[in-house]
$ cat target33.cif   # mmCIF, C-alpha atoms
data_structure
#
loop_
_atom_site.group_PDB
_atom_site.id
_atom_site.type_symbol
_atom_site.label_atom_id
_atom_site.label_comp_id
_atom_site.auth_asym_id
_atom_site.auth_seq_id
_atom_site.Cartn_x
_atom_site.Cartn_y
_atom_site.Cartn_z
ATOM 1 C CA MET A 1 -22.126 -4.892 12.494
ATOM 2 C CA SER A 2 -21.071 -2.936 15.597
ATOM 3 C CA LEU A 3 -19.070 0.305 15.567
ATOM 4 C CA ARG A 4 -17.882 -0.445 19.095
ATOM 5 C CA ILE A 5 -16.386 -3.805 18.089
ATOM 6 C CA THR A 6 -14.815 -2.270 14.991
ATOM 7 C CA LEU A 7 -13.128 0.458 17.029
ATOM 8 C CA ARG A 8 -11.977 -2.027 19.672
ATOM 9 C CA THR A 9 -10.348 -4.118 16.958
ATOM 10 C CA THR A 10 -8.718 -0.996 15.536
ATOM 11 C CA GLY A 11 -7.364 -0.048 18.946
ATOM 12 C CA ARG A 12 -5.956 -3.531 19.535
ATOM 13 C CA ILE A 13 -4.083 -3.555 16.224
ATOM 14 C CA LEU A 14 -2.712 -0.040 16.780
ATOM 15 C CA ARG A 15 -1.459 -1.026 20.231
ATOM 16 C CA GLN A 16 0.306 -4.022 18.715
ATOM 17 C CA LEU A 17 1.948 -1.811 16.100
ATOM 18 C CA ARG A 18 2.998 0.711 18.730
ATOM 19 C CA HIS A 19 4.880 -1.967 20.671
ATOM 20 C CA ASP A 20 6.656 -3.313 17.576
ATOM 21 C CA PRO A 21 9.589 -0.961 16.838
ATOM 22 C CA ARG A 22 10.761 -2.994 13.843
ATOM 23 C CA THR A 23 7.405 -2.607 12.135
ATOM 24 C CA ILE A 24 7.352 1.104 12.935
ATOM 25 C CA GLY A 25 10.803 1.399 11.412
ATOM 26 C CA LEU A 26 9.712 -0.402 8.253
ATOM 27 C CA LEU A 27 6.630 1.793 7.911
ATOM 28 C CA VAL A 28 8.085 5.187 8.772
ATOM 29 C CA VAL A 29 11.876 5.154 8.524
ATOM 30 C CA VAL A 30 12.606 2.873 5.561
ATOM 31 C CA PRO A 31 10.582 4.776 2.889
ATOM 32 C CA ALA A 32 12.165 8.060 3.983
ATOM 33 C CA LEU A 33 15.658 6.556 3.882
ATOM 34 C CA LEU A 34 15.081 5.068 0.435
ATOM 35 C CA LEU A 35 13.851 8.411 -0.892
ATOM 36 C CA THR A 36 16.897 10.136 0.582
ATOM 37 C CA LEU A 37 19.204 7.550 -0.966
ATOM 38 C CA MET A 38 17.537 8.018 -4.358
ATOM 39 C CA ARG A 39 17.822 11.805 -4.098
ATOM 40 C CA TYR A 40 21.593 11.660 -3.673
ATOM 41 C CA VAL A 41 22.090 8.894 -6.219
ATOM 42 C CA PHE A 42 20.797 11.452 -8.751
ATOM 43 C CA ASP A 43 22.526 14.372 -7.055
ATOM 44 C CA ALA A 44 24.113 15.580 -10.320
ATOM 45 C CA GLU A 45 20.754 15.368 -12.168
ATOM 46 C CA PRO A 46 18.022 16.549 -9.748
ATOM 47 C CA GLN A 47 15.436 16.577 -12.538
ATOM 48 C CA ILE A 48 15.679 12.789 -12.655
ATOM 49 C CA PHE A 49 14.754 12.656 -8.981
ATOM 50 C CA ASP A 50 11.803 14.956 -9.703
ATOM 51 C CA ARG A 51 10.601 12.479 -12.331
ATOM 52 C CA ILE A 52 11.181 9.261 -10.413
ATOM 53 C CA GLY A 53 10.883 10.428 -6.819
ATOM 54 C CA VAL A 54 7.215 11.364 -7.109
ATOM 55 C CA ILE A 55 6.428 7.850 -8.358
ATOM 56 C CA MET A 56 8.445 6.311 -5.531
ATOM 57 C CA LEU A 57 6.258 8.223 -3.088
ATOM 58 C CA GLY A 58 3.497 5.864 -4.173
ATOM 59 C CA VAL A 59 5.553 2.720 -4.688
ATOM 60 C CA PHE A 60 7.441 2.643 -1.374
ATOM 61 C CA PRO A 61 4.310 2.997 0.831
ATOM 62 C CA PHE A 62 2.511 0.369 -1.253
ATOM 63 C CA VAL A 63 5.335 -2.149 -0.838
ATOM 64 C CA ALA A 64 5.869 -1.486 2.875
ATOM 65 C CA MET A 65 2.165 -1.714 3.722
ATOM 66 C CA PHE A 66 1.788 -4.859 1.628
ATOM 67 C CA LEU A 67 4.569 -6.595 3.557
ATOM 68 C CA VAL A 68 3.512 -5.428 7.014
ATOM 69 C CA THR A 69 -0.191 -6.125 6.530
ATOM 70 C CA SER A 70 0.176 -9.540 4.929
ATOM 71 C CA VAL A 71 2.558 -10.755 7.650
ATOM 72 C CA ALA A 72 0.542 -9.220 10.505
ATOM 73 C CA MET A 73 -2.751 -10.644 9.254
ATOM 74 C CA LEU A 74 -1.176 -14.057 8.699
ATOM 75 C CA ARG A 75 0.085 -13.987 12.275
ATOM 76 C CA GLU A 76 -3.473 -13.340 13.445
ATOM 77 C CA ARG A 77 -4.656 -16.338 11.450
ATOM 78 C CA THR A 78 -1.911 -18.795 12.432
ATOM 79 C CA THR A 79 -1.929 -17.953 16.163
ATOM 80 C CA GLY A 80 -5.646 -18.702 16.346
ATOM 81 C CA THR A 81 -6.698 -15.141 17.173
ATOM 82 C CA LEU A 82 -9.023 -14.883 14.190
ATOM 83 C CA GLU A 83 -10.476 -18.333 14.759
ATOM 84 C CA ARG A 84 -11.292 -17.532 18.381
ATOM 85 C CA LEU A 85 -12.900 -14.234 17.413
ATOM 86 C CA LEU A 86 -14.926 -15.796 14.616
ATOM 87 C CA THR A 87 -16.426 -18.400 16.957
ATOM 88 C CA THR A 88 -18.072 -15.507 18.829
ATOM 89 C CA PRO A 89 -21.040 -13.474 17.558
ATOM 90 C CA VAL A 90 -18.595 -10.919 16.134
ATOM 91 C CA HIS A 91 -19.423 -10.175 12.498
ATOM 92 C CA LYS A 92 -16.715 -10.640 9.879
ATOM 93 C CA LEU A 93 -17.272 -7.075 8.686
ATOM 94 C CA ASP A 94 -16.480 -5.746 12.181
ATOM 95 C CA LEU A 95 -13.129 -7.515 12.118
ATOM 96 C CA LEU A 96 -12.254 -6.576 8.573
ATOM 97 C CA LEU A 97 -13.113 -2.906 9.032
ATOM 98 C CA GLY A 98 -11.204 -2.851 12.315
ATOM 99 C CA TYR A 99 -8.064 -4.247 10.713
ATOM 100 C CA GLY A 100 -8.523 -2.054 7.659
ATOM 101 C CA LEU A 101 -8.996 1.132 9.676
ATOM 102 C CA ALA A 102 -5.944 0.458 11.863
ATOM 103 C CA PHE A 103 -3.649 -0.207 8.936
ATOM 104 C CA ALA A 104 -5.158 2.657 6.947
ATOM 105 C CA LEU A 105 -4.248 5.054 9.775
ATOM 106 C CA ALA A 106 -0.715 3.640 9.792
ATOM 107 C CA ALA A 107 -0.598 4.037 6.008
ATOM 108 C CA ALA A 108 -1.672 7.673 6.270
ATOM 109 C CA VAL A 109 1.077 8.444 8.795
ATOM 110 C CA GLN A 110 3.665 6.658 6.670
ATOM 111 C CA ALA A 111 2.760 8.402 3.417
ATOM 112 C CA ALA A 112 2.433 11.805 5.083
ATOM 113 C CA ILE A 113 5.922 11.574 6.604
ATOM 114 C CA ALA A 114 7.499 10.375 3.357
ATOM 115 C CA SER A 115 5.816 13.138 1.338
ATOM 116 C CA THR A 116 6.850 15.828 3.832
ATOM 117 C CA ILE A 117 10.479 14.707 3.736
ATOM 118 C CA ALA A 118 10.490 14.513 -0.066
ATOM 119 C CA TYR A 119 9.182 18.056 -0.559
ATOM 120 C CA TRP A 120 10.649 19.915 2.393
ATOM 121 C CA LEU A 121 14.040 18.241 2.839
ATOM 122 C CA LEU A 122 14.836 16.628 -0.514
ATOM 123 C CA ASP A 123 13.548 19.466 -2.734
ATOM 124 C CA LEU A 124 11.180 17.365 -4.811
ATOM 125 C CA ASN A 125 9.474 19.522 -7.451
ATOM 126 C CA THR A 126 6.228 18.738 -9.255
ATOM 127 C CA VAL A 127 3.960 20.826 -11.464
ATOM 128 C CA GLY A 128 0.943 19.703 -9.461
ATOM 129 C CA SER A 129 0.240 20.270 -5.790
ATOM 130 C CA ALA A 130 2.292 18.579 -3.081
ATOM 131 C CA TRP A 131 -0.961 18.030 -1.170
ATOM 132 C CA THR A 132 -2.348 16.047 -4.093
ATOM 133 C CA VAL A 133 0.785 13.914 -4.274
ATOM 134 C CA GLY A 134 0.551 13.289 -0.531
ATOM 135 C CA GLY A 135 -3.086 12.232 -0.862
ATOM 136 C CA LEU A 136 -2.253 9.854 -3.689
ATOM 137 C CA ALA A 137 0.632 8.407 -1.667
ATOM 138 C CA ILE A 138 -1.791 7.695 1.175
ATOM 139 C CA GLY A 139 -4.172 6.054 -1.299
ATOM 140 C CA ASN A 140 -1.369 3.840 -2.616
ATOM 141 C CA ALA A 141 -0.426 2.823 0.922
ATOM 142 C CA VAL A 142 -4.053 1.904 1.633
ATOM 143 C CA LEU A 143 -4.085 -0.115 -1.604
ATOM 144 C CA GLY A 144 -1.023 -2.030 -0.401
ATOM 145 C CA MET A 145 -2.795 -2.624 2.916
ATOM 146 C CA ALA A 146 -5.955 -3.969 1.253
ATOM 147 C CA VAL A 147 -4.033 -6.283 -1.078
ATOM 148 C CA GLY A 148 -1.895 -7.494 1.823
ATOM 149 C CA LEU A 149 -5.007 -8.403 3.825
ATOM 150 C CA PHE A 150 -6.287 -10.398 0.876
ATOM 151 C CA VAL A 151 -3.147 -12.335 -0.077
ATOM 152 C CA SER A 152 -2.442 -13.298 3.554
ATOM 153 C CA ALA A 153 -5.205 -15.895 3.166
ATOM 154 C CA PHE A 154 -3.064 -17.852 0.686
ATOM 155 C CA ALA A 155 0.030 -18.154 2.888
ATOM 156 C CA ARG A 156 0.678 -20.714 5.612
ATOM 157 C CA SER A 157 3.776 -19.086 7.087
ATOM 158 C CA GLU A 158 5.352 -15.658 7.281
ATOM 159 C CA PHE A 159 7.996 -16.776 4.791
ATOM 160 C CA GLN A 160 5.263 -17.662 2.299
ATOM 161 C CA ALA A 161 3.665 -14.250 2.868
ATOM 162 C CA VAL A 162 6.949 -12.551 1.974
ATOM 163 C CA GLN A 163 7.191 -14.720 -1.145
ATOM 164 C CA PHE A 164 4.145 -12.946 -2.543
ATOM 165 C CA MET A 165 6.348 -9.871 -2.892
ATOM 166 C CA PRO A 166 8.280 -11.104 -5.976
ATOM 167 C CA ALA A 167 5.280 -13.072 -7.232
ATOM 168 C CA PHE A 168 2.673 -10.316 -7.001
ATOM 169 C CA VAL A 169 4.299 -6.912 -6.501
ATOM 170 C CA LEU A 170 7.436 -7.013 -8.678
ATOM 171 C CA PRO A 171 5.589 -7.821 -11.941
ATOM 172 C CA GLN A 172 3.401 -4.775 -11.319
ATOM 173 C CA LEU A 173 6.481 -2.606 -10.813
ATOM 174 C CA LEU A 174 7.881 -3.812 -14.128
ATOM 175 C CA LEU A 175 4.650 -3.204 -16.045
ATOM 176 C CA CYS A 176 3.301 -0.007 -14.457
ATOM 177 C CA GLY A 177 5.397 2.370 -16.567
ATOM 178 C CA LEU A 178 8.011 3.064 -13.913
ATOM 179 C CA ILE A 179 10.909 1.528 -15.834
ATOM 180 C CA TRP A 180 9.686 1.932 -19.419
ATOM 181 C CA PRO A 181 6.664 3.652 -21.032
ATOM 182 C CA ARG A 182 3.761 1.225 -21.288
ATOM 183 C CA GLU A 183 2.897 2.280 -24.824
ATOM 184 C CA GLU A 184 6.331 1.072 -25.984
ATOM 185 C CA MET A 185 5.950 -2.402 -24.478
ATOM 186 C CA ALA A 186 4.776 -5.459 -26.387
ATOM 187 C CA GLY A 187 1.044 -5.259 -26.995
ATOM 188 C CA TRP A 188 0.177 -8.241 -24.829
ATOM 189 C CA LEU A 189 2.155 -6.758 -21.926
ATOM 190 C CA GLY A 190 0.172 -3.544 -22.302
ATOM 191 C CA GLY A 191 -3.035 -5.562 -21.953
ATOM 192 C CA ILE A 192 -1.786 -7.167 -18.746
ATOM 193 C CA SER A 193 -0.653 -3.780 -17.450
ATOM 194 C CA ASN A 194 -4.144 -2.370 -17.928
ATOM 195 C CA ALA A 195 -5.490 -4.981 -15.504
ATOM 196 C CA LEU A 196 -3.037 -4.202 -12.677
ATOM 197 C CA PRO A 197 -3.883 -1.683 -9.924
ATOM 198 C CA MET A 198 -0.319 -0.373 -9.632
ATOM 199 C CA THR A 199 -0.564 0.913 -13.220
ATOM 200 C CA TYR A 200 -3.299 3.356 -12.260
ATOM 201 C CA ALA A 201 -1.654 4.309 -8.966
ATOM 202 C CA VAL A 202 1.543 5.275 -10.793
ATOM 203 C CA ASP A 203 -0.285 6.981 -13.645
ATOM 204 C CA ALA A 204 -2.162 9.227 -11.198
ATOM 205 C CA LEU A 205 1.145 10.407 -9.743
ATOM 206 C CA ILE A 206 2.537 11.013 -13.226
ATOM 207 C CA GLN A 207 -0.493 13.174 -14.004
ATOM 208 C CA VAL A 208 0.195 15.344 -10.954
ATOM 209 C CA ARG A 209 3.860 15.563 -11.845
ATOM 210 C CA GLN A 210 3.022 16.858 -15.324
ATOM 211 C CA HIS A 211 -0.134 18.972 -14.831
ATOM 212 C CA ALA A 212 -0.925 21.833 -12.499
ATOM 213 C CA ASP A 213 -4.655 21.074 -12.551
ATOM 214 C CA LEU A 214 -6.384 17.829 -11.644
ATOM 215 C CA THR A 215 -6.992 16.003 -14.904
ATOM 216 C CA ALA A 216 -9.802 13.675 -15.922
ATOM 217 C CA THR A 217 -7.242 10.906 -16.347
ATOM 218 C CA MET A 218 -6.061 11.362 -12.783
ATOM 219 C CA TRP A 219 -9.634 11.124 -11.465
ATOM 220 C CA ARG A 220 -10.135 7.968 -13.520
ATOM 221 C CA ASP A 221 -6.979 6.492 -12.018
ATOM 222 C CA VAL A 222 -8.126 7.390 -8.502
ATOM 223 C CA ALA A 223 -11.507 5.763 -9.134
ATOM 224 C CA VAL A 224 -9.820 2.556 -10.309
ATOM 225 C CA VAL A 225 -7.526 2.490 -7.254
ATOM 226 C CA VAL A 226 -10.478 3.011 -4.892
ATOM 227 C CA GLY A 227 -12.367 0.247 -6.678
ATOM 228 C CA CYS A 228 -9.386 -2.103 -6.318
ATOM 229 C CA ILE A 229 -9.182 -1.313 -2.584
ATOM 230 C CA LEU A 230 -12.868 -2.174 -2.117
ATOM 231 C CA VAL A 231 -12.581 -5.370 -4.156
ATOM 232 C CA ALA A 232 -9.494 -6.494 -2.217
ATOM 233 C CA LEU A 233 -11.264 -5.850 1.101
ATOM 234 C CA LEU A 234 -14.354 -7.764 -0.027
ATOM 235 C CA LEU A 235 -12.214 -10.679 -1.181
ATOM 236 C CA GLY A 236 -10.378 -10.526 2.122
ATOM 237 C CA ALA A 237 -13.704 -10.760 3.945
ATOM 238 C CA ALA A 238 -14.595 -13.817 1.880
ATOM 239 C CA THR A 239 -11.461 -15.602 3.152
ATOM 240 C CA LEU A 240 -12.484 -15.176 6.797
ATOM 241 C CA ARG A 241 -14.107 -18.425 7.838
ATOM 242 C CA ARG A 242 -16.101 -19.005 11.001
ATOM 243 C CA ARG A 243 -15.099 -22.348 12.523
ATOM 244 C CA THR A 244 -16.738 -24.323 15.252
ATOM 245 C CA THR A 245 -15.253 -27.150 17.325
#

$ encode --input "target33.cif" --output "structure tokens"
Amino acid sequence: MSLRITLRTTGRILRQLRHDPRTIGLLVVVPALLLTLMRYVFDAEPQIFDRIGVIMLGVFPFVAMFLVTSVAMLRERTTGTLERLLTTPVHKLDLLLGYGLAFALAAAVQAAIASTIAYWLLDLNTVGSAWTVGGLAIGNAVLGMAVGLFVSAFARSEFQAVQFMPAFVLPQLLLCGLIWPREEMAGWLGGISNALPMTYAVDALIQVRQHADLTATMWRDVAVVVGCILVALLLGAATLRRRTT
């Protein structure tokens, strides 16, 4: 593994993102616009926005990073960029960490902007700290990035990559407790929910919304999310194949 190669890969991906205004718009503008829309949908009942908006601060970055990362990584695979790189002495870990670091930086910017707008312009109120919510939003965006890197290996076109959205992300949104409390679902659905990373990402945000202090449950949720990020990155590394001609 080489730090120089990792940083060069990171720089290349960031330069590509910088010259892609549509991707920048999806990462930075769309989550903020959706939060603003939600705020004024519940204009007559701002307490509803306080309850749902804090969860959306984790959901929107997750979804946006999942889409951007899966499509971008697939493009690297299908254009032959990854194959050419993997026929050199470059280690797979250098490439994976380079991609991961670049998208993690983009995720941090995205979540930070969305959190700032929610608290300072849309008057989002939580019992817990806004800094904690912002940190969790960044973690959720990084989770979306890691999962997107992994699932890109199973797509053969950008359209197929987008199809993973309803197949993989939407079931998690339905079962994470966003729409209905998990304890009131059918028992077998609760068991499935316990195995999904989005459940713990949402639950951590709910803990901050309800408690002024950092709770043991929140730390457990954070640990699970971090573990899921590492597992997704390791599985993503396993899908990188060195080919020779």

$ closest_residue --input "target33.cif" --among "A:Leu97, A:Val63, A:Ala238, A:Ala204" --to "Gln172 in chain A" --atoms "only C-alpha atoms"
A:Val63

$ resolve_selection --input "target33.cif" --expression "the PyMOL selection byres ((chain A and resi 112) around 10)" --output "mmCIF file with C-alpha atoms, in the coordinates of the input"
data_model
loop_
_atom_site.group_PDB
_atom_site.id
_atom_site.type_symbol
_atom_site.label_atom_id
_atom_site.label_comp_id
_atom_site.auth_asym_id
_atom_site.auth_seq_id
_atom_site.Cartn_x
_atom_site.Cartn_y
_atom_site.Cartn_z
ATOM 1 C CA VAL A 28 8.085 5.187 8.772
ATOM 2 C CA LEU A 57 6.258 8.223 -3.088
ATOM 3 C CA PRO A 61 4.310 2.997 0.831
ATOM 4 C CA ALA A 106 -0.715 3.640 9.792
ATOM 5 C CA ALA A 107 -0.598 4.037 6.008
ATOM 6 C CA ALA A 108 -1.672 7.673 6.270
ATOM 7 C CA VAL A 109 1.077 8.444 8.795
ATOM 8 C CA GLN A 110 3.665 6.658 6.670
ATOM 9 C CA ALA A 111 2.760 8.402 3.417
ATOM 10 C CA ILE A 113 5.922 11.574 6.604
ATOM 11 C CA ALA A 114 7.499 10.375 3.357
ATOM 12 C CA SER A 115 5.816 13.138 1.338
ATOM 13 C CA THR A 116 6.850 15.828 3.832
ATOM 14 C CA ILE A 117 10.479 14.707 3.736
ATOM 15 C CA ALA A 118 10.490 14.513 -0.066
ATOM 16 C CA TRP A 131 -0.961 18.030 -1.170
ATOM 17 C CA VAL A 133 0.785 13.914 -4.274
ATOM 18 C CA GLY A 134 0.551 13.289 -0.531
ATOM 19 C CA GLY A 135 -3.086 12.232 -0.862
ATOM 20 C CA ALA A 137 0.632 8.407 -1.667
ATOM 21 C CA ILE A 138 -1.791 7.695 1.175
#

$ residues_around --input "target33.cif" --residues "Thr239 in chain A" --least-positions-apart "5" --cutoff "9 Å" --atoms "only C-alpha atoms" --output "PyMOL selection string"
chain A and resi 150+153+234

$ residues_near_point --input "target33.cif" --point "(4.1, 9.1, -10.2)" --cutoff "9 Å" --atoms "all atoms listed in the file" --output "count of residues only"
20

$ residues_around --input "target33.cif" --residues "Phe66 in chain A" --least-positions-apart "2" --cutoff "12 Å" --atoms "all atoms listed in the file" --output "mmCIF file with C-alpha atoms, keeping the file's coordinate frame"
data_model
loop_
_atom_site.group_PDB
_atom_site.id
_atom_site.type_symbol
_atom_site.label_atom_id
_atom_site.label_comp_id
_atom_site.auth_asym_id
_atom_site.auth_seq_id
_atom_site.Cartn_x
_atom_site.Cartn_y
_atom_site.Cartn_z
ATOM 1 C CA LEU A 26 9.712 -0.402 8.253
ATOM 2 C CA LEU A 27 6.630 1.793 7.911
ATOM 3 C CA VAL A 59 5.553 2.720 -4.688
ATOM 4 C CA PHE A 60 7.441 2.643 -1.374
ATOM 5 C CA PRO A 61 4.310 2.997 0.831
ATOM 6 C CA PHE A 62 2.511 0.369 -1.253
ATOM 7 C CA VAL A 63 5.335 -2.149 -0.838
ATOM 8 C CA ALA A 64 5.869 -1.486 2.875
ATOM 9 C CA VAL A 68 3.512 -5.428 7.014
ATOM 10 C CA THR A 69 -0.191 -6.125 6.530
ATOM 11 C CA SER A 70 0.176 -9.540 4.929
ATOM 12 C CA VAL A 71 2.558 -10.755 7.650
ATOM 13 C CA ALA A 72 0.542 -9.220 10.505
ATOM 14 C CA MET A 73 -2.751 -10.644 9.254
ATOM 15 C CA LEU A 74 -1.176 -14.057 8.699
ATOM 16 C CA PHE A 103 -3.649 -0.207 8.936
ATOM 17 C CA ALA A 104 -5.158 2.657 6.947
ATOM 18 C CA ALA A 107 -0.598 4.037 6.008
ATOM 19 C CA ASN A 140 -1.369 3.840 -2.616
ATOM 20 C CA ALA A 141 -0.426 2.823 0.922
ATOM 21 C CA VAL A 142 -4.053 1.904 1.633
ATOM 22 C CA LEU A 143 -4.085 -0.115 -1.604
ATOM 23 C CA GLY A 144 -1.023 -2.030 -0.401
ATOM 24 C CA MET A 145 -2.795 -2.624 2.916
ATOM 25 C CA ALA A 146 -5.955 -3.969 1.253
ATOM 26 C CA VAL A 147 -4.033 -6.283 -1.078
ATOM 27 C CA GLY A 148 -1.895 -7.494 1.823
ATOM 28 C CA LEU A 149 -5.007 -8.403 3.825
ATOM 29 C CA PHE A 150 -6.287 -10.398 0.876
ATOM 30 C CA VAL A 151 -3.147 -12.335 -0.077
ATOM 31 C CA SER A 152 -2.442 -13.298 3.554
ATOM 32 C CA ALA A 161 3.665 -14.250 2.868
ATOM 33 C CA VAL A 162 6.949 -12.551 1.974
ATOM 34 C CA GLN A 163 7.191 -14.720 -1.145
ATOM 35 C CA PHE A 164 4.145 -12.946 -2.543
ATOM 36 C CA MET A 165 6.348 -9.871 -2.892
ATOM 37 C CA PRO A 166 8.280 -11.104 -5.976
ATOM 38 C CA PHE A 168 2.673 -10.316 -7.001
ATOM 39 C CA VAL A 169 4.299 -6.912 -6.501
ATOM 40 C CA LEU A 170 7.436 -7.013 -8.678
#

$ closest_residue --input "target33.cif" --among "A:Val41, A:Leu33, A:Met198, A:Ala130" --to "Val224 in chain A" --atoms "only C-alpha atoms"
A:Met198

$ closest_atom_pairs --input "target33.cif" --of "range 64-174 of chain A" --to "range 43-48 of chain A" --cutoff "9 Å" --atoms "all atoms listed in the file" --output "JSON lines"
{"residue": "A:Asp123", "atom": "CA", "partner": "A:Pro46", "partner_atom": "CA", "distance": 8.8}
{"residue": "A:Leu124", "atom": "CA", "partner": "A:Pro46", "partner_atom": "CA", "distance": 8.5}
{"residue": "A:Asn125", "atom": "CA", "partner": "A:Gln47", "partner_atom": "CA", "distance": 8.4}

$ atom_distance --input "target33.cif" --atom1 "CA of Ala167 in chain A" --atom2 "CA of Asn194 in chain A"
17.8 Å

$ residues_around --input "target33.cif" --residues "range 1-16 of chain A" --least-positions-apart "4" --cutoff "7 Å" --atoms "all atoms listed in the file" --output "list in words"
Asp20, His91, Leu93, Asp94, Leu95, Leu97, Gly98, Tyr99, Leu101 and Ala102 of chain A

$ write_last_selection --input "target33.cif" --atoms "C-alpha atoms" --output "mmCIF file, in the coordinates of the input"
data_model
loop_
_atom_site.group_PDB
_atom_site.id
_atom_site.type_symbol
_atom_site.label_atom_id
_atom_site.label_comp_id
_atom_site.auth_asym_id
_atom_site.auth_seq_id
_atom_site.Cartn_x
_atom_site.Cartn_y
_atom_site.Cartn_z
ATOM 1 C CA ASP A 20 6.656 -3.313 17.576
ATOM 2 C CA HIS A 91 -19.423 -10.175 12.498
ATOM 3 C CA LEU A 93 -17.272 -7.075 8.686
ATOM 4 C CA ASP A 94 -16.480 -5.746 12.181
ATOM 5 C CA LEU A 95 -13.129 -7.515 12.118
ATOM 6 C CA LEU A 97 -13.113 -2.906 9.032
ATOM 7 C CA GLY A 98 -11.204 -2.851 12.315
ATOM 8 C CA TYR A 99 -8.064 -4.247 10.713
ATOM 9 C CA LEU A 101 -8.996 1.132 9.676
ATOM 10 C CA ALA A 102 -5.944 0.458 11.863
#

$ atom_distance --input "target33.cif" --atom1 "CA of Leu196 in chain A" --atom2 "CA of Ala232 in chain A"
12.5 Å

$ atom_distance --input "target33.cif" --atom1 "CA of Val127 in chain A" --atom2 "CA of His211 in chain A"
5.6 Å

$ closest_residue --input "target33.cif" --among "A:Leu17, A:Cys228, A:Leu235, A:Leu37" --to "Phe154 in chain A" --atoms "all atoms listed in the file"
A:Leu235

$ closest_residue --input "target33.cif" --among "A:Tyr119, A:Ala212, A:Glu76, A:Thr23" --to "Thr36 in chain A" --atoms "all atoms listed in the file"
A:Tyr119

$ axis_aligned_box --input "target33.cif" --around "range 106-112 of chain A" --padding-each-side "3 Å" --output "JSON"
{"center_x": 1.0, "center_y": 7.7, "center_z": 6.6, "size_x": 11.3, "size_y": 14.2, "size_z": 12.4}

$ residues_around --input "target33.cif" --residues "Pro181 in chain A" --least-positions-apart "5" --cutoff "10 Å" --atoms "all atoms listed in the file" --output "list in words"
Leu175, Cys176 and Gly190 of chain A

$ write_last_selection --input "target33.cif" --atoms "C-alpha atoms" --output "compact mmCIF listing (two decimals), keeping the file's coordinate frame"
# COMPACT_ATOMS: atom_id res chain seq x y z
CA LEU A 175 4.65 -3.20 -16.05
CA CYS A 176 3.30 -0.01 -14.46
CA GLY A 190 0.17 -3.54 -22.30

$ closest_residue --input "target33.cif" --among "A:Phe42, A:Thr132, A:Val30, A:Leu122" --to "Thr215 in chain A" --atoms "only C-alpha atoms"
A:Thr132

$ closest_residue --input "target33.cif" --among "A:Leu105, A:Gly139, A:Glu184, A:Ala237" --to "Ala223 in chain A" --atoms "only C-alpha atoms"
A:Gly139

$ decode --input "target33.cif" --residues "range 54-67 of chain A" --atoms "N, CA and C atoms" --output "mmCIF file, in the first residue's frame"
data_model
loop_
_atom_site.group_PDB
_atom_site.id
_atom_site.type_symbol
_atom_site.label_atom_id
_atom_site.label_comp_id
_atom_site.auth_asym_id
_atom_site.auth_seq_id
_atom_site.Cartn_x
_atom_site.Cartn_y
_atom_site.Cartn_z
ATOM 1 N N VAL A 54 -34.953 15.926 11.226
ATOM 2 C CA VAL A 54 -33.667 15.448 11.720
ATOM 3 C C VAL A 54 -33.345 14.077 11.139
ATOM 4 N N ILE A 55 -34.352 13.247 10.917
ATOM 5 C CA ILE A 55 -34.115 11.939 10.302
ATOM 6 C C ILE A 55 -33.738 12.109 8.831
ATOM 7 N N MET A 56 -34.404 13.061 8.159
ATOM 8 C CA MET A 56 -34.100 13.289 6.751
ATOM 9 C C MET A 56 -32.680 13.795 6.547
ATOM 10 N N LEU A 57 -32.112 14.422 7.576
ATOM 11 C CA LEU A 57 -30.721 14.853 7.486
ATOM 12 C C LEU A 57 -29.778 13.663 7.329
ATOM 13 N N GLY A 58 -30.208 12.498 7.763
ATOM 14 C CA GLY A 58 -29.419 11.294 7.549
ATOM 15 C C GLY A 58 -29.825 10.546 6.299
ATOM 16 N N VAL A 59 -31.112 10.571 5.986
ATOM 17 C CA VAL A 59 -31.620 9.796 4.849
ATOM 18 C C VAL A 59 -31.209 10.416 3.518
ATOM 19 N N PHE A 60 -31.393 11.736 3.365
ATOM 20 C CA PHE A 60 -31.079 12.369 2.085
ATOM 21 C C PHE A 60 -29.604 12.216 1.699
ATOM 22 N N PRO A 61 -28.644 12.481 2.609
ATOM 23 C CA PRO A 61 -27.239 12.255 2.234
ATOM 24 C C PRO A 61 -26.939 10.805 1.896
ATOM 25 N N PHE A 62 -27.539 9.869 2.623
ATOM 26 C CA PHE A 62 -27.328 8.451 2.330
ATOM 27 C C PHE A 62 -27.762 8.132 0.905
ATOM 28 N N VAL A 63 -28.968 8.559 0.540
ATOM 29 C CA VAL A 63 -29.509 8.247 -0.784
ATOM 30 C C VAL A 63 -28.684 8.912 -1.883
ATOM 31 N N ALA A 64 -28.350 10.183 -1.707
ATOM 32 C CA ALA A 64 -27.597 10.898 -2.739
ATOM 33 C C ALA A 64 -26.216 10.293 -2.940
ATOM 34 N N MET A 65 -25.519 9.972 -1.845
ATOM 35 C CA MET A 65 -24.187 9.392 -1.966
ATOM 36 C C MET A 65 -24.255 7.989 -2.540
ATOM 37 N N PHE A 66 -25.281 7.244 -2.216
ATOM 38 C CA PHE A 66 -25.443 5.903 -2.781
ATOM 39 C C PHE A 66 -25.554 5.984 -4.302
ATOM 40 N N LEU A 67 -26.401 6.890 -4.789
ATOM 41 C CA LEU A 67 -26.596 7.016 -6.230
ATOM 42 C C LEU A 67 -25.321 7.489 -6.926
#
